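Participant: My questions will all concern the structure given below.
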Amino acid sequence: MNNYQVLARKWRPQNFNQVVGQEHVVTSLVNALQHQRLHHAYLFTGTRGVGKTTLARILAKAINCEQLVDFNPCGHCAICKEIDSGRYLDVIEVDAASRTKVEDTRDLLDNAQYAPNQGQYKVYIIDEVHMLSGHSFNALLKTLEEPPPHVKFLLATTDPHKLPITVLSRCLQFNLKRLLPQQIAQQMTYILEQEETPFAAPALTVLARAADGSMRDGLSLLDQAIVYGNGAVNLADVNAMLGMIEQHPVEELLALLAQGNGEALLDKIDHIASAAIDFTEVTQQLLHLLHRIALIQHLPTLIDEDYDSQMLQELAKNITPEDTQLYYQIALMGQKDLLLAPDPRSGFDMLMLRMLIFKPKTSATKIAVPPPAKLHSASSTQAKPRVTVSEKPVVHYQAESNLQPNFPDKLVDHLVSHDKQAQTMPWQEMISAMKLESITKQLAQHCQLGERDENSVTLLLNEGHGNLLTAMRQNKLQAALQGFYNKPIKLSIQITTSALNTPAAKITQDSEARQRAAVTEIHADPLVQALQETFDARINISSIEPITNK
């Protein structure tokens with residue numbers, strides 16, 4: 001029987017040159033090898049299938065390779081071959097998801113103090129490192145704090161926020177990007193050409209979009225498409241496999257919307273439903289098409305080669321720019337209706353009916369909304385928005401019924417009240433609203449909000465977490481604050497020796513309270529008490545972990 005190897009494994013990159021879409025990480029690693037400035041611990045983060053573990057394996061080969069080629073592992077020496085086959089004793093790769101106990105971690109690190117058997121370094125690759133328990137992190141931290149010179153740690157995780165800050169601060173972190181559909185489709189094209197498999201380019205575009213930024217997911221879908229298409233990849237088979245529809249029915253939906261033909265619109269939806277098509281995917285295709293229409297309405301030269309250019313131009317001509325924006329927002333916000341509705345078909349019906357019923361209406365009245373920056377100035381906080389008459393019509397959206405929602409008034413109210421809300425919002429809520437990333441979020445969570453006024457914010461940071469504060473992170477936090485306030489803000493972070501009431505402290509207190517409650521509940525459990533009495537059993541307190549809803 002033929003031992004078939006899936007495409008995701010067969011075409012896994014073996015050196016830095018083969019890695020797709022992560023040039024910012026590859027450049028840093030190659031430079032580190034070139035100048036012999038290797039850190040003792042690297043952390044690769046990013047969503048699934050973007051190359052975290054692959055880069056870790058390539059780096060493990062590169063730092064032990066006997067004959068680097070342009071600072072790439074050669075792939076031919078004995079060490080490279082043994083690492084590729086998983087037989088190299090000095091590269092220890094584990095999946096933290098299956099080895100979460102502290103005993104596992106201690107066993108893993110017991111031999112770290114000993115010199116490598118063959119190569120220059122002993123490399124520990126720990127995948128999904130965020131799955132380690134708290135005690136396991138403590139065991140790992142001891143080695144990270146004072147690592148032997150011959151040991152390198154390569155950690156990978158999809159959720160760096162679950163790692164203790166003490167571990168994060170000792171690692172050189174690289175954030176891997178989600179891959180663009182074009183990058184995934186280009187790699188698929190190369191692979192199919194090498195495999196001598198017939199394919200249609202539009203089919204690869206659909207598969208690349210369905211991969212959602214993950215090369216591994218994309219190649220798994222490509223494997224499935226080859227089997228589904230009996231050795232070939234074509235658009236009709238891919239659409240059928242993914243439960244999608246051809247582009248033309250979506251085009252017809254928009255054309256019928258532009259005509260206001262409700263009966264024909266529902267007939268077309270019936271036709272889509274009879275083909276057992278996923279309405280969530282139909283909504284996604286509507287959004288993609290409306291996005292392209294909006295672009296060419298303002299920039300006519302931006303014709304997407306993935307679409308029929310004549311079809312795009314015809315729709316852009318028949319649908320007004322105001323309608324395009326309205327349809328896009330209704331489809332975007334209506335996606336949740338498909339999950340909340342009694343069934344996806346009725347949710348999609350309501351989505352399309354909203355597009356049909358709500359129509360732009362011109363009005364001679366225009367509300368003058370001052371620019372946000374002026375709204376925040378000292379002189380404008382007492383000025384009320386003025387209603388003026390404009391000769392140029394402005395579009396308001398309303399239903400064909402007597403209901404006439406006044407969106408500009410709500411916008412003015414929101415802008416006027418923004419400063420007041422921002423000045424009273426707790427610091428933890430501000431952190432959530434700013435959507436900070438990585439260690440910048442850790443820095444914010446370890447700060448306590450001090451003084452703040454219209455133009456400045458002062459934060460307090462305990463000296464025990466002073467290693468989090470760098471000029472780059474302070475600049476990122478200041479930029480986030482300026483985006484939150486929608487105006488220039490001066491940020492000052494003061495180091496203090498005082499105990500602070502920070503969001504991070506609150507999280508720790510809540511975690512400790514849950515742990516105490518879990519221990520108390522275990523001790524009070526009648527079954528546990530019976531086991532203790534019958535078998536003279538003892539409770540291992542360190543094994544008790546509270547159940548969370550996260």
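Residues in the structure tokens are named by chain (A, B, ... in the order shown) and by number from 1 within that chain; ligands are numbered from 1 in the order shown.
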Residues within 12 Å of A:Pro426, please, as a list in words. Count only C-alpha atoms; anything in the same chain fewer than 6 positions from it doesn't count.

Facilitator: Ser432, Ala433, Gln448, Leu449, Gly450, Arg452, Thr502 and Pro503 of chain A

Participant: Show which residues sit within 12 Å of A:Val91, as a PyMOL selection string. Count only C-alpha atoms, and ignore same-chain residues fewer than 2 positions away.

Facilitator: chain A and resi 56-64+79-80+82-89+93-94+108+112+116-126+150-154

Participant: Could you give me, as a PDB file with C-alpha atoms, in the first residue's frame, the residues within 8 Å of stretch 212-217 of chain A, counting only C-alpha atoms and dropping anything in the same chain fewer than 5 positions from it?

Facilitator:
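This is the output file part-v6.pdb:
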ATOM      1  CA  ALA A   8       1.390  20.025   4.896  1.00  0.00           C
ATOM      2  CA  THR A  47      -2.391  31.690  15.294  1.00  0.00           C
ATOM      3  CA  ARG A  48      -2.386  28.048  14.245  1.00  0.00           C
ATOM      4  CA  GLY A  49      -0.552  26.962  11.130  1.00  0.00           C
ATOM      5  CA  VAL A  50       1.586  30.074  10.514  1.00  0.00           C
ATOM      6  CA  ARG A 178      -1.481  35.586   9.665  1.00  0.00           C
ATOM      7  CA  LEU A 179      -0.746  34.809   6.033  1.00  0.00           C
ATOM      8  CA  LEU A 180      -2.507  36.705   3.270  1.00  0.00           C
ATOM      9  CA  PRO A 181      -4.738  34.740   0.875  1.00  0.00           C
ATOM     10  CA  ILE A 184      -1.263  30.968   0.526  1.00  0.00           C
TER      11      ILE A 184
END

Participant: Counting only C-alpha atoms, which residue out of A:Gln509, A:Gln329, A:Ser543, A:Asn175 sits closest to A:Leu351?

Facilitator: A:Gln329

Participant: I need the residues in stretch 68-206 of chain A that are strand (DSSP E) according to DSSP; give them as an NGL selection string.

Facilitator: :A and (91-95 or 122-127 or 151-157 or 172-175)

Participant: So, with only C-alpha atoms as the atoms that count, which of A:Pro321, A:Ala504, A:Asn475, A:Glu451 lies closest to A:Ile431?

Facilitator: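 For A:Ile431, the nearest of the candidates is A:Ala504.
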